[in-house]
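Novice: So here's my_file_24.cif, just mmCIF, C-alpha atoms:
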data_protein
loop_
_atom_site.label_atom_id
_atom_site.label_comp_id
_atom_site.auth_asym_id
_atom_site.auth_seq_id
_atom_site.Cartn_x
_atom_site.Cartn_y
_atom_site.Cartn_z
CA MET A 1019 -53.57 -16.20 26.25
CA ILE A 1020 -50.29 -14.24 26.57
CA ASN A 1021 -47.59 -15.41 24.22
CA PHE A 1022 -44.54 -15.14 26.52
CA ALA A 1023 -42.10 -16.35 23.86
CA SER A 1024 -43.28 -13.57 21.53
CA ARG A 1025 -43.05 -10.94 24.29
CA LYS A 1026 -39.56 -12.11 25.22
CA THR A 1027 -38.48 -11.83 21.56
CA ASP A 1028 -39.97 -8.33 21.32
CA LEU A 1029 -38.24 -7.28 24.53
CA LEU A 1030 -34.87 -8.57 23.32
CA MET A 1031 -35.31 -6.81 19.97
CA ASN A 1032 -36.17 -3.53 21.73
CA LEU A 1033 -33.12 -3.82 23.97
CA LYS A 1034 -30.90 -4.57 20.99
CA ASN A 1035 -32.30 -1.63 18.98
CA ASN A 1036 -31.89 0.75 21.93
CA TYR A 1037 -28.32 -0.42 22.41
CA LEU A 1038 -27.47 0.03 18.72
CA ARG A 1039 -29.11 3.47 18.64
CA LYS A 1040 -27.20 4.62 21.74
CA LYS A 1041 -23.97 3.15 20.37
CA LYS A 1042 -24.44 4.97 17.09
CA MET A 1043 -25.22 8.28 18.80
CA GLY A 1044 -22.54 7.91 21.43
CA ASN A 1045 -19.75 6.70 19.17
CA ARG A 1046 -18.69 10.20 18.25
CA HIS A 1047 -19.49 12.23 21.30
CA ALA A 1048 -19.78 10.21 24.53
CA LYS A 1049 -16.08 9.78 25.12
CA THR A 1050 -15.30 13.43 24.33
CA ARG A 1051 -17.48 15.02 27.03
CA SER A 1052 -16.04 16.01 30.39
CA PRO A 1053 -17.96 14.79 33.47
CA GLN A 1054 -18.24 18.41 34.63
CA GLY A 1055 -19.48 19.71 31.29
CA PHE A 1056 -17.38 21.72 28.86
CA ASP A 1057 -16.03 25.09 30.01
CA ALA A 1058 -13.49 26.73 27.67
CA ASP A 1059 -12.49 29.32 30.27
CA ARG A 1060 -11.76 26.66 32.91
CA ASP A 1061 -9.79 24.55 30.41
CA ALA A 1062 -7.74 27.54 29.25
CA LYS A 1063 -6.85 28.36 32.87
CA ARG A 1064 -5.92 24.74 33.59
CA LEU A 1065 -3.69 24.60 30.51
CA ASN A 1066 -2.01 27.88 31.46
CA LYS A 1067 -1.36 26.53 34.95
CA ALA A 1068 -0.05 23.26 33.47
CA CYS A 1069 2.56 25.13 31.42
CA LYS A 1070 3.50 27.74 34.02
CA GLY A 1071 6.52 27.67 36.29
CA MET A 1072 9.40 25.22 36.39
CA GLY A 1073 7.68 21.94 35.49
CA THR A 1074 4.92 20.96 33.08
CA ASP A 1075 1.75 19.17 34.17
CA GLU A 1076 1.58 16.71 31.27
CA ALA A 1077 -1.28 14.77 32.87
CA ALA A 1078 -3.55 17.84 32.80
CA ILE A 1079 -2.64 18.55 29.15
CA ILE A 1080 -3.40 14.93 28.18
CA GLU A 1081 -6.70 14.88 30.09
CA ILE A 1082 -7.98 18.11 28.49
CA LEU A 1083 -6.84 17.52 24.91
CA SER A 1084 -8.00 13.89 24.77
CA SER A 1085 -11.44 14.45 26.30
CA ARG A 1086 -12.64 17.39 24.18
CA THR A 1087 -14.07 17.47 20.67
CA SER A 1088 -12.27 19.29 17.88
CA GLU A 1089 -14.78 22.16 18.10
CA GLU A 1090 -14.27 22.43 21.85
CA ARG A 1091 -10.50 22.56 21.40
CA GLN A 1092 -10.96 25.49 18.97
CA LYS A 1093 -12.92 27.34 21.65
CA ILE A 1094 -10.19 26.64 24.21
CA LYS A 1095 -7.58 28.04 21.81
CA HIS A 1096 -9.57 31.26 21.28
CA LYS A 1097 -10.22 31.66 25.00
CA TYR A 1098 -6.53 31.10 25.77
CA LYS A 1099 -5.46 33.75 23.25
CA ALA A 1100 -8.05 36.24 24.53
CA THR A 1101 -7.06 35.66 28.18
CA TYR A 1102 -3.28 35.40 27.98
CA GLY A 1103 -2.43 37.10 24.66
CA LYS A 1104 -0.47 34.07 23.47
CA ASP A 1105 -1.17 31.25 21.03
CA LEU A 1106 -1.71 27.98 22.87
CA GLU A 1107 0.20 26.14 20.11
CA GLU A 1108 3.31 28.25 20.72
CA VAL A 1109 3.10 27.72 24.48
CA LEU A 1110 2.83 23.94 24.04
CA LYS A 1111 5.71 23.95 21.53
CA GLY A 1112 7.88 25.52 24.22
CA ASP A 1113 6.84 23.01 26.88
CA LEU A 1114 6.50 19.72 25.01
CA SER A 1115 8.73 17.76 22.66
CA GLY A 1116 8.90 14.82 20.28
CA ASN A 1117 5.85 12.80 19.27
CA PHE A 1118 3.91 13.98 22.32
CA GLU A 1119 4.25 17.56 21.04
CA LYS A 1120 3.30 16.52 17.47
CA THR A 1121 0.14 14.77 18.68
CA ALA A 1122 -0.89 17.67 20.94
CA LEU A 1123 -0.44 20.18 18.09
CA ALA A 1124 -2.34 17.90 15.69
CA LEU A 1125 -5.27 17.93 18.14
CA LEU A 1126 -5.27 21.74 18.22
CA ASP A 1127 -5.79 21.93 14.45
CA ARG A 1128 -9.16 21.61 12.78
CA PRO A 1129 -9.22 18.26 10.89
CA SER A 1130 -9.02 20.05 7.52
CA GLU A 1131 -6.04 22.12 8.71
CA TYR A 1132 -4.18 19.10 10.00
CA ALA A 1133 -4.81 17.25 6.71
CA ALA A 1134 -3.60 20.31 4.78
CA ARG A 1135 -0.37 20.39 6.82
CA GLN A 1136 0.19 16.68 6.19
CA LEU A 1137 -0.31 17.19 2.45
CA ARG A 1138 2.00 20.23 2.38
CA GLU A 1139 4.70 18.23 4.16
CA ALA A 1140 4.24 15.43 1.61
CA VAL A 1141 4.95 17.70 -1.40
CA GLU A 1142 7.33 20.24 0.13
CA GLY A 1143 11.06 20.14 -0.61
CA LEU A 1144 12.94 17.39 -2.40
CA GLY A 1145 11.01 14.20 -3.04
CA THR A 1146 7.35 13.43 -2.49
CA ASP A 1147 5.68 11.33 0.20
CA GLU A 1148 3.24 9.55 -2.11
CA PRO A 1149 1.84 7.17 0.55
CA VAL A 1150 0.59 10.18 2.57
CA LEU A 1151 -1.00 11.78 -0.53
CA ILE A 1152 -2.67 8.45 -1.30
CA GLU A 1153 -3.91 7.78 2.24
CA VAL A 1154 -5.29 11.29 2.82
CA LEU A 1155 -6.87 11.91 -0.60
CA CYS A 1156 -8.09 8.39 -1.44
CA THR A 1157 -9.97 8.04 1.86
CA ALA A 1158 -11.60 11.49 2.01
CA THR A 1159 -15.21 12.46 1.28
CA ASN A 1160 -16.11 15.33 -1.09
CA LYS A 1161 -16.75 17.61 1.88
CA GLU A 1162 -13.40 16.73 3.46
CA ILE A 1163 -11.50 17.36 0.21
CA ILE A 1164 -13.16 20.76 -0.27
CA ALA A 1165 -12.29 21.70 3.34
CA MET A 1166 -8.67 20.52 2.86
CA LYS A 1167 -8.29 22.59 -0.31
CA GLU A 1168 -9.65 25.70 1.43
CA ALA A 1169 -7.40 25.15 4.49
CA TYR A 1170 -4.36 24.57 2.25
CA GLN A 1171 -4.98 27.83 0.38
CA ARG A 1172 -5.52 29.74 3.63
CA LEU A 1173 -2.50 28.30 5.49
CA PHE A 1174 0.04 28.28 2.67
CA ASP A 1175 -1.38 30.72 0.10
CA ARG A 1176 -1.02 27.98 -2.49
CA SER A 1177 -3.31 25.72 -4.50
CA LEU A 1178 -3.35 22.12 -3.31
CA GLU A 1179 -4.28 20.92 -6.78
CA SER A 1180 -1.37 22.80 -8.37
CA ASP A 1181 1.09 21.42 -5.82
CA VAL A 1182 -0.15 17.84 -6.31
CA LYS A 1183 0.07 18.26 -10.09
CA GLY A 1184 3.60 19.63 -9.79
CA ASP A 1185 4.81 16.88 -7.47
CA THR A 1186 3.29 13.79 -9.08
CA SER A 1187 3.26 12.45 -12.61
CA GLY A 1188 1.60 10.03 -14.99
CA ASN A 1189 -1.38 8.00 -13.94
CA LEU A 1190 -0.98 8.65 -10.22
CA LYS A 1191 -1.34 12.35 -10.94
CA LYS A 1192 -4.51 11.65 -12.98
CA ILE A 1193 -6.26 9.75 -10.21
CA LEU A 1194 -5.26 12.23 -7.45
CA VAL A 1195 -6.35 15.24 -9.53
CA SER A 1196 -9.61 13.45 -10.29
CA LEU A 1197 -10.18 12.95 -6.54
CA LEU A 1198 -9.38 16.63 -5.87
CA GLN A 1199 -12.37 17.63 -8.03
CA ALA A 1200 -14.53 16.33 -5.16
CA ASN A 1201 -17.31 15.22 -7.47
CA ARG A 1202 -17.83 11.66 -6.26
CA ASP A 1203 -21.47 10.59 -6.27
CA GLU A 1204 -22.22 10.13 -2.57
CA GLY A 1205 -25.87 9.17 -2.96
CA SER A 1206 -27.30 5.95 -1.57
CA ASP A 1207 -29.01 4.67 -4.73
CA VAL A 1208 -27.46 1.74 -6.55
CA ASP A 1209 -27.71 1.20 -10.31
CA SER A 1210 -27.19 -2.49 -11.17
CA ASP A 1211 -26.98 -1.82 -14.91
CA LEU A 1212 -24.29 0.82 -14.36
CA ALA A 1213 -22.41 -1.62 -12.10
CA GLY A 1214 -22.33 -4.15 -14.94
CA GLN A 1215 -21.16 -1.50 -17.43
CA ASP A 1216 -18.47 -0.26 -15.06
CA ALA A 1217 -17.27 -3.79 -14.32
CA LYS A 1218 -16.88 -4.39 -18.07
CA ALA A 1219 -15.15 -1.01 -18.53
CA LEU A 1220 -12.67 -1.89 -15.77
CA TYR A 1221 -11.98 -5.25 -17.41
CA ASP A 1222 -11.57 -3.70 -20.86
CA ALA A 1223 -9.29 -1.02 -19.39
CA GLY A 1224 -7.12 -3.49 -17.52
CA GLU A 1225 -6.99 -7.19 -18.26
CA GLY A 1226 -8.86 -6.96 -21.54
CA ARG A 1227 -6.07 -5.08 -23.34
CA TRP A 1228 -2.31 -4.60 -23.46
CA GLY A 1229 -1.53 -1.92 -20.90
CA THR A 1230 -4.08 -0.29 -18.64
CA ASP A 1231 -6.46 2.54 -19.52
CA GLU A 1232 -6.19 4.54 -16.31
CA LEU A 1233 -8.86 7.03 -17.33
CA ALA A 1234 -11.49 4.33 -17.02
CA PHE A 1235 -10.19 3.41 -13.55
CA ALA A 1236 -10.23 7.09 -12.50
CA GLU A 1237 -13.75 7.55 -13.86
CA VAL A 1238 -15.12 4.63 -11.87
CA LEU A 1239 -13.01 4.55 -8.69
CA ALA A 1240 -12.94 8.32 -8.08
CA LYS A 1241 -16.54 9.13 -9.01
CA ARG A 1242 -18.87 6.32 -7.91
CA SER A 1243 -20.30 6.03 -4.39
CA SER A 1244 -18.95 3.33 -2.05
CA LYS A 1245 -22.25 1.48 -2.22
CA GLN A 1246 -22.22 1.59 -6.04
CA LEU A 1247 -18.58 0.43 -6.13
CA ARG A 1248 -19.33 -2.58 -3.93
CA VAL A 1249 -21.99 -3.72 -6.40
CA THR A 1250 -19.57 -3.05 -9.29
CA PHE A 1251 -16.88 -5.20 -7.65
CA GLN A 1252 -19.40 -8.03 -7.18
CA ALA A 1253 -20.36 -7.72 -10.86
CA TYR A 1254 -16.67 -7.75 -11.80
CA LYS A 1255 -16.10 -10.99 -9.92
CA THR A 1256 -19.17 -12.56 -11.54
CA ILE A 1257 -18.17 -11.51 -15.08
CA ILE A 1258 -14.39 -12.00 -14.86
CA GLY A 1259 -14.17 -14.71 -12.23
CA LYS A 1260 -11.65 -12.91 -10.00
CA ASP A 1261 -11.55 -10.10 -7.47
CA ILE A 1262 -10.90 -6.55 -8.67
CA GLU A 1263 -7.98 -6.35 -6.19
CA GLU A 1264 -6.35 -9.37 -7.84
CA SER A 1265 -6.61 -7.71 -11.27
CA ILE A 1266 -5.21 -4.41 -9.97
CA GLU A 1267 -2.25 -6.25 -8.43
CA GLU A 1268 -1.57 -7.99 -11.74
CA GLU A 1269 -2.02 -4.94 -13.99
CA THR A 1270 -0.43 -2.12 -11.99
CA SER A 1271 2.50 -1.51 -9.65
CA GLY A 1272 4.02 0.99 -7.26
CA ASP A 1273 2.15 4.05 -6.05
CA LEU A 1274 -0.57 3.76 -8.69
CA GLN A 1275 -1.38 0.27 -7.42
CA LYS A 1276 -1.47 1.60 -3.83
CA ALA A 1277 -3.89 4.35 -4.86
CA TYR A 1278 -6.27 1.97 -6.67
CA LEU A 1279 -6.16 -0.59 -3.86
CA THR A 1280 -6.82 2.12 -1.26
CA LEU A 1281 -9.89 3.29 -3.18
CA VAL A 1282 -11.16 -0.29 -3.54
CA ARG A 1283 -10.53 -1.21 0.11
CA CYS A 1284 -12.10 1.97 1.43
CA ALA A 1285 -15.22 1.38 -0.65
CA GLN A 1286 -15.47 -2.14 0.75
CA ASP A 1287 -14.42 -1.57 4.37
CA ARG A 1288 -13.04 1.85 5.38
CA ALA A 1289 -12.52 0.90 9.05
CA GLY A 1290 -10.74 -2.28 7.99
CA TYR A 1291 -8.42 -0.25 5.73
CA PHE A 1292 -7.40 2.03 8.61
CA ALA A 1293 -7.02 -0.94 10.97
CA GLU A 1294 -4.55 -2.48 8.50
CA ARG A 1295 -2.63 0.82 8.16
CA LEU A 1296 -2.33 1.05 11.94
CA TYR A 1297 -1.18 -2.56 12.23
CA LYS A 1298 1.49 -2.10 9.55
CA SER A 1299 2.69 1.10 11.24
CA MET A 1300 3.57 -0.90 14.38
CA LYS A 1301 4.42 -4.46 13.33
CA GLY A 1302 8.03 -5.51 12.98
CA ALA A 1303 11.06 -3.46 13.98
CA GLY A 1304 10.44 0.24 14.53
CA THR A 1305 7.21 2.22 14.60
CA ASP A 1306 5.81 4.63 12.01
CA GLU A 1307 4.71 7.24 14.57
CA LYS A 1308 3.63 9.71 11.88
CA THR A 1309 1.00 7.31 10.50
CA LEU A 1310 -0.04 6.33 14.03
CA ILE A 1311 -0.65 9.97 15.01
CA ARG A 1312 -2.37 10.87 11.75
CA ILE A 1313 -4.91 8.06 11.79
CA ILE A 1314 -5.75 8.14 15.51
CA VAL A 1315 -6.15 11.95 15.53
CA THR A 1316 -8.10 12.24 12.27
CA ARG A 1317 -10.44 9.29 12.89
CA ALA A 1318 -11.06 10.04 16.60
CA GLU A 1319 -14.46 11.67 16.00
CA ILE A 1320 -15.38 9.71 12.87
CA ASP A 1321 -14.95 5.95 13.19
CA LEU A 1322 -12.14 5.21 15.66
CA GLN A 1323 -14.30 2.87 17.76
CA GLU A 1324 -15.20 0.92 14.61
CA ILE A 1325 -11.51 0.79 13.63
CA LYS A 1326 -10.68 -0.60 17.09
CA ALA A 1327 -13.31 -3.33 16.64
CA LYS A 1328 -11.98 -4.20 13.16
CA PHE A 1329 -8.42 -4.29 14.48
CA GLN A 1330 -9.43 -6.78 17.18
CA GLU A 1331 -11.31 -8.88 14.62
CA LYS A 1332 -8.49 -8.90 12.03
CA TYR A 1333 -5.47 -9.31 14.28
CA GLN A 1334 -6.89 -10.98 17.42
CA GLN A 1335 -5.39 -8.30 19.63
CA SER A 1336 -6.41 -4.95 21.03
CA LEU A 1337 -5.33 -1.80 19.17
CA THR A 1338 -4.89 -0.06 22.54
CA ASP A 1339 -2.60 -2.86 23.78
CA MET A 1340 -0.48 -2.77 20.62
CA VAL A 1341 -0.15 1.03 20.84
CA ARG A 1342 0.76 0.69 24.50
CA SER A 1343 3.53 -1.82 23.76
CA ASP A 1344 4.87 0.12 20.73
CA THR A 1345 5.05 3.63 22.23
CA SER A 1346 6.23 5.17 25.47
CA GLY A 1347 5.99 8.10 27.88
CA ASP A 1348 3.49 10.92 27.50
CA PHE A 1349 3.10 10.14 23.79
CA ARG A 1350 1.76 6.71 24.75
CA LYS A 1351 -0.51 8.17 27.45
CA LEU A 1352 -2.08 10.65 25.00
CA LEU A 1353 -2.70 8.05 22.28
CA VAL A 1354 -4.18 5.57 24.77
CA ALA A 1355 -6.43 8.33 26.17
CA LEU A 1356 -7.66 9.10 22.63
CA LEU A 1357 -8.38 5.41 22.03
CA HIS A 1358 -10.65 5.11 25.10
#
Can the structure in the file be given as structure tokens, please?
Specialist:
Amino acid sequence: MINFASRKTDLLMNLKNNYLRKKKMGNRHAKTRSPQGFDADRDAKRLNKACKGMGTDEAAIIEILSSRTSEERQKIKHKYKATYGKDLEEVLKGDLSGNFEKTALALLDRPSEYAARQLREAVEGLGTDEPVLIEVLCTATNKEIIAMKEAYQRLFDRSLESDVKGDTSGNLKKILVSLLQANRDEGSDVDSDLAGQDAKALYDAGEGRWGTDELAFAEVLAKRSSKQLRVTFQAYKTIIGKDIEESIEEETSGDLQKAYLTLVRCAQDRAGYFAERLYKSMKGAGTDEKTLIRIIVTRAEIDLQEIKAKFQEKYQQSLTDMVRSDTSGDFRKLLVALLH
């Protein structure tokens, strides 16, 4: 006798698995493919036409830049230079302005180059933009940090590590330099015994003594995998009876606290961390356009769809709608196109 209930369950499971597989595969690439298929020569010609003559065809620029992958945009740049003998970036600089221009130029960089420029801006001149250093370095993978360091050296003929060392001090410098070594364990295995040892080391380094032993924090937070850290934080709560975030807030302050909390939150929920950063960049009076551009551009091909889902879950509103209400003009159109 046919068990229809069982077959129905199997069918539903298959549909669900197919949906999840397609979602996973399509998350990065589906929205970045043109219906006609990618053609660098055609895109270069369209961009040239968009910037030629009296007016600028902003709609064409938005459509091309927002619907291509980073690698495709590099090919367009090379084709444009080969065909017209000019850098596409320079042409767009002459035709665009404001935050629209900044976003378009950010999209023409490789991710590592854009990150390098953000870091250079953070340490250049008087004062240091510590929140940018913290956000970029505390959320990056080993591979991303290595690529940033190489791009920084190539673009500015300077060492990123030396510049960070020269522009920061104390315990913040220690944790950032530790992250710049790019030697975090990114394996998937979890060691429960090590988690218990690390949880105790974090307690002994923080609440268990007068002052905080930042070396222990750097050793654990900058070198363990996200999966390992999540188990460590669970062990910490079991042993100490409070969340690691609560202890960090009690034991540290300022930029060092921001760095530790960023590392903890990224290990627990990276998409949730970026959703919160985006929300804070728009809530209240004024908008932090720089943060808005940086996160949307850099996460576009990594986890932007997941960030959108987290944003909806956390704040009961659509990220796209909030961006739409907080920005205007062609800048708004480009960001909204990237979010789709």
Novice: On this structure, the PyMOL selection byres ((chain A and resi 1128) around 12) would catch which residues? List them as a short mmCIF file (atom, residue, chain, number, x, y, z; two decimals) with C-alpha atoms, in the coordinates of the input, sorted by chain and number.
Specialist:
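What landed in result.cif:
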data_model
loop_
_atom_site.label_atom_id
_atom_site.label_comp_id
_atom_site.auth_asym_id
_atom_site.auth_seq_id
_atom_site.Cartn_x
_atom_site.Cartn_y
_atom_site.Cartn_z
CA THR A 1087 -14.07 17.47 20.67
CA SER A 1088 -12.27 19.29 17.88
CA GLU A 1089 -14.78 22.16 18.10
CA GLU A 1090 -14.27 22.43 21.85
CA ARG A 1091 -10.50 22.56 21.40
CA GLN A 1092 -10.96 25.49 18.97
CA LYS A 1093 -12.92 27.34 21.65
CA LYS A 1095 -7.58 28.04 21.81
CA LEU A 1123 -0.44 20.18 18.09
CA ALA A 1124 -2.34 17.90 15.69
CA LEU A 1125 -5.27 17.93 18.14
CA LEU A 1126 -5.27 21.74 18.22
CA ASP A 1127 -5.79 21.93 14.45
CA PRO A 1129 -9.22 18.26 10.89
CA SER A 1130 -9.02 20.05 7.52
CA GLU A 1131 -6.04 22.12 8.71
CA TYR A 1132 -4.18 19.10 10.00
CA ALA A 1133 -4.81 17.25 6.71
CA ALA A 1134 -3.60 20.31 4.78
CA ARG A 1135 -0.37 20.39 6.82
CA GLU A 1162 -13.40 16.73 3.46
CA ALA A 1165 -12.29 21.70 3.34
CA MET A 1166 -8.67 20.52 2.86
CA ALA A 1169 -7.40 25.15 4.49
CA TYR A 1170 -4.36 24.57 2.25
CA LEU A 1173 -2.50 28.30 5.49
CA VAL A 1315 -6.15 11.95 15.53
CA THR A 1316 -8.10 12.24 12.27
CA GLU A 1319 -14.46 11.67 16.00
#
Novice: Counting only C-alpha atoms, which of A:Asn1066, A:Leu1178, A:Gly1224, A:Lys1298 gets nearest to A:Glu1264?
Specialist: A:Gly1224
Novice: Using only C-alpha atoms, can you tell me which of A:Gln1215, A:Ser1187, A:Ser1206, A:Thr1280 comes closest to A:Arg1295?
Specialist: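 Selected residue with least distance to A:Arg1295: A:Thr1280.
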Novice: Excluding A:Lys1326 and any residue of its chain fewer than 5 positions from it, enumerate the residues within 10 Å of it, using only C-alpha atoms, and give them as a VMD selection string.
Specialist: chain A and resid 1289 to 1290 1292 to 1293 1296 1321 1331 to 1332 1335 to 1338 1357 to 1358
Novice: What separation in Å, quoted to one decimal, exists between atom CA of A:Ile1320 and atom CA of A:Gly1205?
Specialist: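 Computing the Euclidean distance for atom CA of A:Ile1320 and atom CA of A:Gly1205 yields 19.0 Å.
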Novice: Would you mind telling me which residue in A:Tyr1291, A:Asp1261, A:Ile1266, A:Thr1305 lies nearest to A:Lys1328 when using all atoms listed in the file?
Specialist: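 Smallest separation from A:Lys1328 among the options: A:Tyr1291.
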